[in-house]
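Just input.cif here, mmCIF, C-alpha atoms and all ligand atoms:
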```
data_structure
loop_
_atom_site.group_PDB
_atom_site.id
_atom_site.type_symbol
_atom_site.label_atom_id
_atom_site.label_comp_id
_atom_site.auth_asym_id
_atom_site.auth_seq_id
_atom_site.Cartn_x
_atom_site.Cartn_y
_atom_site.Cartn_z
ATOM 1 C CA MET A 1 91.962 87.490 112.180
ATOM 2 C CA THR A 2 95.573 86.562 112.603
ATOM 3 C CA ASP A 3 97.856 89.149 114.090
ATOM 4 C CA ARG A 4 101.119 87.325 114.350
ATOM 5 C CA HIS A 5 104.396 89.063 114.809
ATOM 6 C CA ASP A 6 107.386 86.892 114.131
ATOM 7 C CA HIS A 7 110.607 88.588 115.014
ATOM 8 C CA HIS A 8 113.007 86.083 113.595
ATOM 9 C CA ASP A 9 113.082 87.571 110.110
ATOM 10 C CA HIS A 10 113.659 91.163 111.127
ATOM 11 C CA ASN A 11 117.403 90.964 111.369
ATOM 12 C CA ASP A 12 117.996 89.101 108.165
ATOM 13 C CA SER A 13 115.528 90.828 105.877
ATOM 14 C CA HIS A 14 118.303 91.252 103.319
ATOM 15 C CA ARG A 15 117.691 87.624 102.435
ATOM 16 C CA HIS A 16 114.362 88.698 100.908
ATOM 17 C CA GLU A 17 115.946 91.218 98.587
ATOM 18 C CA LYS A 18 115.447 90.607 94.912
ATOM 19 C CA PRO A 19 117.591 92.025 92.141
ATOM 20 C CA GLY A 20 115.908 95.037 90.605
ATOM 21 C CA MET A 21 113.682 95.763 93.575
ATOM 22 C CA ASP A 22 115.880 98.557 94.847
ATOM 23 C CA LEU A 23 115.045 100.962 92.031
ATOM 24 C CA VAL A 24 113.022 103.058 94.443
ATOM 25 C CA SER A 25 115.337 105.384 96.256
ATOM 26 C CA HIS A 26 114.740 106.227 99.878
ATOM 27 C CA HIS A 27 114.526 109.859 100.934
ATOM 28 C CA GLY A 28 114.852 111.183 104.441
ATOM 29 C CA ASP A 29 111.544 113.067 104.190
ATOM 30 C CA ASP A 30 109.376 109.998 103.613
ATOM 31 C CA ASP A 31 106.265 110.150 105.801
ATOM 32 C CA VAL A 32 105.396 106.512 105.141
ATOM 33 C CA CYS A 33 108.037 103.906 104.528
ATOM 34 C CA LEU A 34 107.743 100.143 104.065
ATOM 35 C CA ASN A 35 110.879 98.105 103.757
ATOM 36 C CA GLN A 36 110.785 94.446 102.650
ATOM 37 C CA VAL A 37 107.443 93.874 104.356
ATOM 38 C CA SER A 38 105.821 90.430 104.349
ATOM 39 C CA PHE A 39 102.641 89.273 106.038
ATOM 40 C CA ALA A 40 100.853 85.919 106.296
ATOM 41 C CA TYR A 41 97.391 84.982 107.541
ATOM 42 C CA ASP A 42 97.749 81.584 109.250
ATOM 43 C CA GLY A 43 101.017 80.806 107.490
ATOM 44 C CA GLN A 44 99.728 81.870 104.063
ATOM 45 C CA PHE A 45 101.684 84.852 102.720
ATOM 46 C CA VAL A 46 99.445 87.433 101.067
ATOM 47 C CA VAL A 47 101.961 90.311 101.145
ATOM 48 C CA GLU A 48 105.568 89.564 100.221
ATOM 49 C CA ASN A 49 108.654 91.708 100.164
ATOM 50 C CA VAL A 50 106.849 95.026 99.781
ATOM 51 C CA THR A 51 109.041 98.117 99.668
ATOM 52 C CA LEU A 52 107.181 101.425 99.341
ATOM 53 C CA HIS A 53 107.692 105.028 100.277
ATOM 54 C CA ALA A 54 105.601 108.188 100.275
ATOM 55 C CA PRO A 55 107.529 111.458 100.600
ATOM 56 C CA HIS A 56 105.982 114.258 102.634
ATOM 57 C CA GLY A 57 103.195 116.133 100.840
ATOM 58 C CA THR A 58 102.757 113.606 98.026
ATOM 59 C CA THR A 59 99.947 111.239 97.040
ATOM 60 C CA LEU A 60 100.740 107.558 96.667
ATOM 61 C CA GLY A 61 98.112 105.397 94.956
ATOM 62 C CA ILE A 62 98.211 101.681 95.658
ATOM 63 C CA ILE A 63 96.394 99.808 92.947
ATOM 64 C CA GLY A 64 95.708 96.117 92.528
ATOM 65 C CA PRO A 65 92.890 93.680 91.722
ATOM 66 C CA ASN A 66 90.674 92.128 94.376
ATOM 67 C CA GLY A 67 92.642 89.847 96.651
ATOM 68 C CA SER A 68 96.000 91.444 95.811
ATOM 69 C CA GLY A 69 96.651 92.471 99.424
ATOM 70 C CA LYS A 70 95.625 96.157 99.381
ATOM 71 C CA THR A 71 93.464 96.063 102.512
ATOM 72 C CA THR A 72 96.028 93.953 104.325
ATOM 73 C CA LEU A 73 98.734 96.471 103.443
ATOM 74 C CA LEU A 74 96.537 99.306 104.677
ATOM 75 C CA LYS A 75 95.929 97.483 107.972
ATOM 76 C CA LEU A 76 99.695 97.015 108.303
ATOM 77 C CA MET A 77 100.272 100.750 107.728
ATOM 78 C CA LEU A 78 97.590 101.573 110.308
ATOM 79 C CA GLY A 79 99.185 99.255 112.875
ATOM 80 C CA LEU A 80 96.132 96.949 112.971
ATOM 81 C CA LEU A 81 98.287 94.060 111.766
ATOM 82 C CA ARG A 82 101.999 93.548 112.271
ATOM 83 C CA PRO A 83 104.351 92.305 109.582
ATOM 84 C CA ASN A 84 105.983 88.892 109.811
ATOM 85 C CA ALA A 85 109.082 90.420 108.287
ATOM 86 C CA GLY A 86 110.303 93.872 107.316
ATOM 87 C CA THR A 87 109.729 97.290 108.807
ATOM 88 C CA ILE A 88 107.095 100.019 108.500
ATOM 89 C CA THR A 89 107.468 103.588 109.692
ATOM 90 C CA VAL A 90 104.845 106.332 109.697
ATOM 91 C CA LEU A 91 106.319 109.761 110.456
ATOM 92 C CA GLY A 92 109.400 108.009 111.809
ATOM 93 C CA MET A 93 107.386 105.895 114.286
ATOM 94 C CA SER A 94 105.836 102.454 114.231
ATOM 95 C CA PRO A 95 102.299 102.592 112.753
ATOM 96 C CA ALA A 96 100.768 101.743 116.151
ATOM 97 C CA GLN A 97 102.658 104.600 117.831
ATOM 98 C CA ALA A 98 101.715 107.067 115.090
ATOM 99 C CA CYS A 99 98.009 106.107 115.282
ATOM 100 C CA ALA A 100 97.997 106.177 119.088
ATOM 101 C CA ARG A 101 99.021 109.830 119.027
ATOM 102 C CA GLY A 102 95.513 110.623 117.771
ATOM 103 C CA ASP A 103 96.432 113.644 115.685
ATOM 104 C CA LEU A 104 98.940 112.338 113.146
ATOM 105 C CA VAL A 105 97.040 109.776 111.103
ATOM 106 C CA GLY A 106 93.595 110.034 109.496
ATOM 107 C CA TYR A 107 91.671 107.165 107.922
ATOM 108 C CA LEU A 108 88.727 107.104 105.510
ATOM 109 C CA PRO A 109 87.402 103.517 105.583
ATOM 110 C CA GLN A 110 85.493 101.767 102.817
ATOM 111 C CA ARG A 111 81.791 102.551 102.773
ATOM 112 C CA HIS A 112 80.737 98.978 103.463
ATOM 113 C CA GLU A 113 82.695 98.961 106.723
ATOM 114 C CA LEU A 114 80.497 101.689 108.143
ATOM 115 C CA ASP A 115 77.161 101.283 109.929
ATOM 116 C CA TRP A 116 74.829 103.804 108.304
ATOM 117 C CA SER A 117 71.881 103.068 110.576
ATOM 118 C CA PHE A 118 73.723 104.259 113.677
ATOM 119 C CA PRO A 119 71.537 107.104 114.992
ATOM 120 C CA ILE A 120 74.030 109.957 115.235
ATOM 121 C CA SER A 121 74.248 113.287 113.504
ATOM 122 C CA ALA A 122 76.864 114.357 110.965
ATOM 123 C CA ARG A 123 78.479 116.612 113.597
ATOM 124 C CA GLN A 124 78.712 113.754 116.106
ATOM 125 C CA VAL A 125 80.393 111.551 113.490
ATOM 126 C CA VAL A 126 83.000 114.263 112.966
ATOM 127 C CA GLU A 127 83.499 114.644 116.742
ATOM 128 C CA LEU A 128 84.411 110.944 116.840
ATOM 129 C CA GLY A 129 87.531 111.899 114.912
ATOM 130 C CA LEU A 130 88.764 113.624 118.071
ATOM 131 C CA VAL A 131 88.307 110.568 120.304
ATOM 132 C CA GLY A 132 91.918 109.501 119.768
ATOM 133 C CA ARG A 133 93.056 112.807 121.208
ATOM 134 C CA ARG A 134 90.716 113.151 124.170
ATOM 135 C CA GLY A 135 90.104 109.444 124.962
ATOM 136 C CA LEU A 136 86.972 107.371 124.494
ATOM 137 C CA LEU A 137 85.283 108.368 127.745
ATOM 138 C CA GLY A 138 85.924 112.086 127.607
ATOM 139 C CA ARG A 139 83.000 114.223 126.468
ATOM 140 C CA PRO A 140 83.648 116.589 123.568
ATOM 141 C CA SER A 141 84.636 120.007 124.872
ATOM 142 C CA ALA A 142 83.233 123.252 123.477
ATOM 143 C CA ALA A 143 86.467 123.592 121.506
ATOM 144 C CA ASP A 144 86.026 120.060 120.086
ATOM 145 C CA ARG A 145 82.481 120.868 119.030
ATOM 146 C CA ARG A 146 83.590 124.068 117.357
ATOM 147 C CA GLN A 147 86.415 122.269 115.579
ATOM 148 C CA ALA A 148 83.994 119.584 114.328
ATOM 149 C CA ALA A 149 81.547 122.238 113.108
ATOM 150 C CA ASP A 150 84.353 124.091 111.317
ATOM 151 C CA GLN A 151 85.530 120.885 109.679
ATOM 152 C CA LEU A 152 82.006 120.079 108.488
ATOM 153 C CA ALA A 153 81.802 123.575 107.027
ATOM 154 C CA ALA A 154 85.157 123.014 105.298
ATOM 155 C CA VAL A 155 83.691 120.018 103.434
ATOM 156 C CA GLY A 156 80.596 122.047 102.507
ATOM 157 C CA LEU A 157 78.152 120.518 104.993
ATOM 158 C CA ALA A 158 77.613 123.266 107.573
ATOM 159 C CA ASP A 159 73.852 123.094 107.011
ATOM 160 C CA GLN A 160 73.698 119.325 107.534
ATOM 161 C CA ALA A 161 75.400 119.244 110.959
ATOM 162 C CA ASP A 162 72.324 117.994 112.832
ATOM 163 C CA VAL A 163 71.033 115.613 110.157
ATOM 164 C CA PRO A 164 71.298 111.894 111.058
ATOM 165 C CA ILE A 165 74.160 110.385 109.027
ATOM 166 C CA GLY A 166 71.818 107.750 107.519
ATOM 167 C CA GLU A 167 69.654 110.438 105.903
ATOM 168 C CA LEU A 168 72.449 112.028 103.873
ATOM 169 C CA SER A 169 73.309 111.127 100.269
ATOM 170 C CA GLY A 170 76.242 108.792 99.564
ATOM 171 C CA GLY A 171 78.492 111.673 98.533
ATOM 172 C CA GLN A 172 77.554 113.705 101.604
ATOM 173 C CA GLN A 173 78.161 110.740 103.903
ATOM 174 C CA GLN A 174 81.590 110.318 102.405
ATOM 175 C CA ARG A 175 82.383 113.989 103.013
ATOM 176 C CA VAL A 176 81.264 113.631 106.632
ATOM 177 C CA PHE A 177 83.702 110.756 107.068
ATOM 178 C CA LEU A 178 86.400 112.750 105.333
ATOM 179 C CA ALA A 179 85.726 115.529 107.862
ATOM 180 C CA ARG A 180 85.988 112.951 110.664
ATOM 181 C CA ALA A 181 89.354 111.812 109.275
ATOM 182 C CA LEU A 182 90.618 115.397 109.019
ATOM 183 C CA VAL A 183 89.264 116.998 112.178
ATOM 184 C CA SER A 184 92.312 116.117 114.284
ATOM 185 C CA ARG A 185 94.527 117.805 111.648
ATOM 186 C CA PRO A 186 96.498 114.660 110.715
ATOM 187 C CA ARG A 187 99.667 114.744 108.661
ATOM 188 C CA VAL A 188 99.037 111.465 106.856
ATOM 189 C CA LEU A 189 95.637 110.420 105.485
ATOM 190 C CA PHE A 190 94.854 106.843 104.412
ATOM 191 C CA LEU A 191 91.891 106.314 102.074
ATOM 192 C CA ASP A 192 90.444 102.885 101.305
ATOM 193 C CA GLU A 193 88.626 102.690 97.946
ATOM 194 C CA PRO A 194 87.260 106.250 98.214
ATOM 195 C CA THR A 195 85.531 106.167 94.822
ATOM 196 C CA THR A 196 83.643 102.912 95.342
ATOM 197 C CA GLY A 197 79.897 103.127 95.931
ATOM 198 C CA VAL A 198 79.404 106.823 95.123
ATOM 199 C CA ASP A 199 78.289 108.361 91.836
ATOM 200 C CA VAL A 200 80.624 110.084 89.371
ATOM 201 C CA GLY A 201 79.637 113.598 90.508
ATOM 202 C CA ALA A 202 80.429 112.740 94.126
ATOM 203 C CA GLN A 203 83.726 111.167 93.058
ATOM 204 C CA GLU A 204 84.785 114.362 91.270
ATOM 205 C CA ASN A 205 83.668 116.424 94.235
ATOM 206 C CA LEU A 206 85.761 114.274 96.556
ATOM 207 C CA GLN A 207 88.826 114.520 94.302
ATOM 208 C CA GLU A 208 88.570 118.322 94.275
ATOM 209 C CA LEU A 209 88.112 118.402 98.018
ATOM 210 C CA LEU A 210 91.092 116.120 98.551
ATOM 211 C CA ALA A 211 93.311 118.271 96.344
ATOM 212 C CA LEU A 212 92.263 121.313 98.365
ATOM 213 C CA VAL A 213 92.825 119.831 101.831
ATOM 214 C CA LYS A 214 96.064 118.242 100.742
ATOM 215 C CA GLU A 215 97.325 121.691 99.856
ATOM 216 C CA GLN A 216 95.888 123.417 102.940
ATOM 217 C CA LEU A 217 97.094 120.843 105.461
ATOM 218 C CA ALA A 218 100.293 119.780 103.634
ATOM 219 C CA LEU A 219 98.981 116.210 103.815
ATOM 220 C CA THR A 220 100.578 113.030 102.621
ATOM 221 C CA LEU A 221 97.875 110.839 101.065
ATOM 222 C CA ILE A 222 97.883 107.071 100.670
ATOM 223 C CA VAL A 223 94.984 105.964 98.465
ATOM 224 C CA VAL A 224 94.132 102.305 97.984
ATOM 225 C CA SER A 225 91.973 101.456 94.987
ATOM 226 C CA HIS A 226 91.200 98.932 92.281
ATOM 227 C CA ASN A 227 90.137 101.795 89.996
ATOM 228 C CA LEU A 228 93.141 102.896 87.956
ATOM 229 C CA ARG A 229 91.251 105.644 86.158
ATOM 230 C CA ALA A 230 90.282 107.359 89.392
ATOM 231 C CA ILE A 231 93.764 107.141 90.782
ATOM 232 C CA THR A 232 96.168 108.039 87.974
ATOM 233 C CA SER A 233 95.058 111.630 87.562
ATOM 234 C CA THR A 234 95.495 112.503 91.214
ATOM 235 C CA CYS A 235 98.564 110.571 92.369
ATOM 236 C CA ASP A 236 102.205 111.605 92.281
ATOM 237 C CA GLN A 237 103.242 107.991 92.472
ATOM 238 C CA ILE A 238 101.523 104.673 91.812
ATOM 239 C CA ALA A 239 102.361 101.329 93.317
ATOM 240 C CA CYS A 240 100.996 98.273 91.503
ATOM 241 C CA LEU A 241 100.397 95.523 94.018
ATOM 242 C CA ASN A 242 99.735 91.881 93.466
ATOM 243 C CA ARG A 243 101.111 90.232 96.578
ATOM 244 C CA THR A 244 104.321 92.159 95.940
ATOM 245 C CA VAL A 245 105.017 95.539 94.322
ATOM 246 C CA HIS A 246 105.514 95.320 90.544
ATOM 247 C CA TYR A 247 105.765 99.031 89.829
ATOM 248 C CA HIS A 248 106.419 102.042 92.034
ATOM 249 C CA ASP A 249 106.865 105.299 90.151
ATOM 250 C CA LYS A 250 104.986 108.075 88.367
ATOM 251 C CA PRO A 251 101.611 107.179 86.772
ATOM 252 C CA SER A 252 102.927 108.297 83.365
ATOM 253 C CA GLY A 253 105.363 105.371 83.305
ATOM 254 C CA LEU A 254 102.660 102.715 83.558
ATOM 255 C CA SER A 255 102.396 100.577 80.442
ATOM 256 C CA ARG A 256 99.450 98.498 79.355
ATOM 257 C CA GLU A 257 101.755 95.471 79.096
ATOM 258 C CA MET A 258 102.901 95.835 82.658
ATOM 259 C CA LEU A 259 99.339 96.241 83.881
ATOM 260 C CA SER A 260 98.153 93.109 82.050
ATOM 261 C CA ARG A 261 101.104 91.170 83.404
ATOM 262 C CA VAL A 262 100.653 92.313 86.986
ATOM 263 C CA PHE A 263 96.914 92.045 87.094
ATOM 264 C CA ASN A 264 96.649 89.073 84.777
ATOM 265 C CA CYS A 265 93.372 90.372 83.376
ATOM 266 C CA ASP A 266 91.881 92.619 80.737
ATOM 267 C CA VAL A 267 92.884 96.122 81.798
ATOM 268 C CA GLU A 268 90.787 98.041 79.260
ATOM 269 C CA TYR A 269 88.230 99.076 81.840
ATOM 270 C CA MET A 270 90.938 100.366 84.137
ATOM 271 C CA LEU A 271 92.451 102.677 81.538
ATOM 272 C CA ASP A 272 91.552 106.151 80.469
ATOM 273 C CA PRO A 273 88.262 106.047 78.518
ATOM 274 C CA HIS A 274 89.406 108.838 76.169
ATOM 275 C CA GLY A 275 92.213 106.748 74.728
ATOM 276 C CA HIS A 276 95.077 108.287 76.639
ATOM 277 C CA GLU A 277 96.724 104.928 76.955
ATOM 278 C CA ARG A 278 100.050 104.675 78.617
ATOM 279 C CA HIS A 279 102.833 102.947 76.717
HETATM 280 P P1 LIG A 301 92.396 93.324 98.542
HETATM 281 O O1 LIG A 301 92.132 94.413 99.536
HETATM 282 O O2 LIG A 301 93.410 93.709 97.502
HETATM 283 O O3 LIG A 301 91.136 92.775 97.937
HETATM 284 P P2 LIG A 301 93.036 91.682 100.843
HETATM 285 O O4 LIG A 301 94.177 92.291 101.569
HETATM 286 O O5 LIG A 301 91.663 91.890 101.400
HETATM 287 O O6 LIG A 301 93.112 92.099 99.313
HETATM 288 O O7 LIG A 301 93.262 90.117 100.757
HETATM 289 C C1 LIG A 301 94.496 89.533 100.320
HETATM 290 C C2 LIG A 301 94.402 88.019 100.508
HETATM 291 O O8 LIG A 301 94.316 87.737 101.896
HETATM 292 C C3 LIG A 301 93.173 87.404 99.860
HETATM 293 O O9 LIG A 301 93.553 86.150 99.332
HETATM 294 C C4 LIG A 301 92.222 87.210 101.024
HETATM 295 O O10 LIG A 301 91.386 86.104 100.814
HETATM 296 C C5 LIG A 301 93.167 86.959 102.193
HETATM 297 N N1 LIG A 301 92.633 87.434 103.474
HETATM 298 C C6 LIG A 301 92.186 88.699 103.734
HETATM 299 N N2 LIG A 301 91.797 88.802 105.014
HETATM 300 C C7 LIG A 301 92.019 87.590 105.583
HETATM 301 C C8 LIG A 301 91.825 87.055 106.910
HETATM 302 N N3 LIG A 301 91.334 87.817 107.899
HETATM 303 N N4 LIG A 301 92.168 85.770 107.130
HETATM 304 C C9 LIG A 301 92.674 85.005 106.138
HETATM 305 N N5 LIG A 301 92.868 85.433 104.870
HETATM 306 C C10 LIG A 301 92.556 86.707 104.598
#
```
Full structure transcribed into structure tokens:
Amino acid sequence: MTDRHDHHDHNDSHRHEKPGMDLVSHHGDDDVCLNQVSFAYDGQFVVENVTLHAPHGTTLGIIGPNGSGKTTLLKLMLGLLRPNAGTITVLGMSPAQACARGDLVGYLPQRHELDWSFPISARQVVELGLVGRRGLLGRPSAADRRQAADQLAAVGLADQADVPIGELSGGQQQRVFLARALVSRPRVLFLDEPTTGVDVGAQENLQELLALVKEQLALTLIVVSHNLRAITSTCDQIACLNRTVHYHDKPSGLSREMLSRVFNCDVEYMLDPHGHERH
């Protein structure tokens, strides 16, 4: 994977500005802020001129079809890739600095990125969420173990603490990984396609849980998804991504026309099944 970091564009990013792209106002309390961000794999730009912001305590949904750059953008926000141009701040720091702190940023990866055959218990998975804080070689302290157990209880899995992760249901596994992402008490939580690969009941359960922890921990959530239906009901703001951002505002302002234009496909399946279409 390419991880280039060209500095030459940083000081003249104004050259990338497009008329009409400054509709999104910047607020001082943004927890996550991307300004004119571009990224290329081996010279091929897959993210161009992306400006996004997520104010503290809000949920930003980033939606786009496959190949639109969602995962790349997430990796940029997590500091795993660096932009070729533009700037990204997470809690006022670079993404790498924010993630290195170990207790500011949580991440729920996509299910297919996880190894379900790994022979560890649910509680041990959650303890891994504290590795960033105590270091990879440090053993979990009694306090760490208690914190992990409490976090498992908070996602409703106190009784499953010693069950191997591979033996849990899809929805339970996802809650274990949510507990892992939350155990360090982060302020920003990134979720990659959280509704993919679990049944509808588990999806609803997760949405309720997320709403609860968001409130309890005053979290800022960044949710990446290709499922518009799952995202519109829970997000304060939606960003429509297809290489660049085509819309960044409240879900209620999304029109079918804009969606078809941005995604260049039939958007019926992405819209509300009860006919609450957005014009
Ligand atoms: P999404 O998550 O929306 O499906 P991605 O960010 O995974 O989109 O991919 C955006 C584009 O970047 C796609 O065209 C994809 O083929 C390309 N891409 C993704 N990862 C790499 C990589 N490691 N090397 C080269 N191209 C990549």
* To do: Using the chain letters and numbering of this document, enumerate as a VMD selection string the residues selected by the PyMOL selection byres (((not hetatm)) within 7 of (chain A and resi 301)).
  => chain A and resid 1 to 2 41 to 42 46 64 to 73
* Nearest residue to Leu182 of chain A from the set A:Asp103, A:Asp115, A:Glu257, A:Asp159 (distances using all atoms listed in the file) -> A:Asp103
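Across A:Val176, A:Ile222, A:Leu241, A:Ala122, the tightest approach to Val32 of chain A is made by A:Ile222 when counting all atoms listed in the file.
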* Structure fact -> Taken to one decimal, the atom CA of Leu259 of chain A-atom CA of Thr220 of chain A distance is 25.2 Å
* **Expansion of the PyMOL selection byres (((chain A and resi 130) around 12) and not hetatm) into residues, as a PyMOL selection string** => chain A and resi 100-106+123-129+131-141+143-148+151+179-186
* Using only C-alpha atoms, pick whichever of A:Leu108, A:Leu212, A:Ala40, A:Ile238 has the shortest atom-to-atom distance to Gln174 of chain A. =>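 Closest to Gln174 of chain A, using only C-alpha atoms: A:Leu108.
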* Reference answer for the PyMOL selection byres (((chain A and resi 249) around 12) and not hetatm), as a count of residues only -> 27
* To do: Quote the spacing between atom CA of Ala85 of chain A and atom CA of Gly43 of chain A in Å to one decimal place.
  =>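 Value for the atom CA of Ala85 of chain A-atom CA of Gly43 of chain A distance: 12.6 Å.
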* What gap, in Å, lies between atom CA of Ala161 of chain A and atom CA of Leu209 of chain A? ->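 Going from atom CA of Ala161 of chain A over to atom CA of Leu209 of chain A, I get 18.2 Å.
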* Pick out the residues sitting within 7 Å of Val198 of chain A, and hand them over as a PyMOL selection string; count all atoms listed in the file, and ignore anything fewer than 3 positions along from it in its own chain. => chain A and resi 170-171+195+202-203
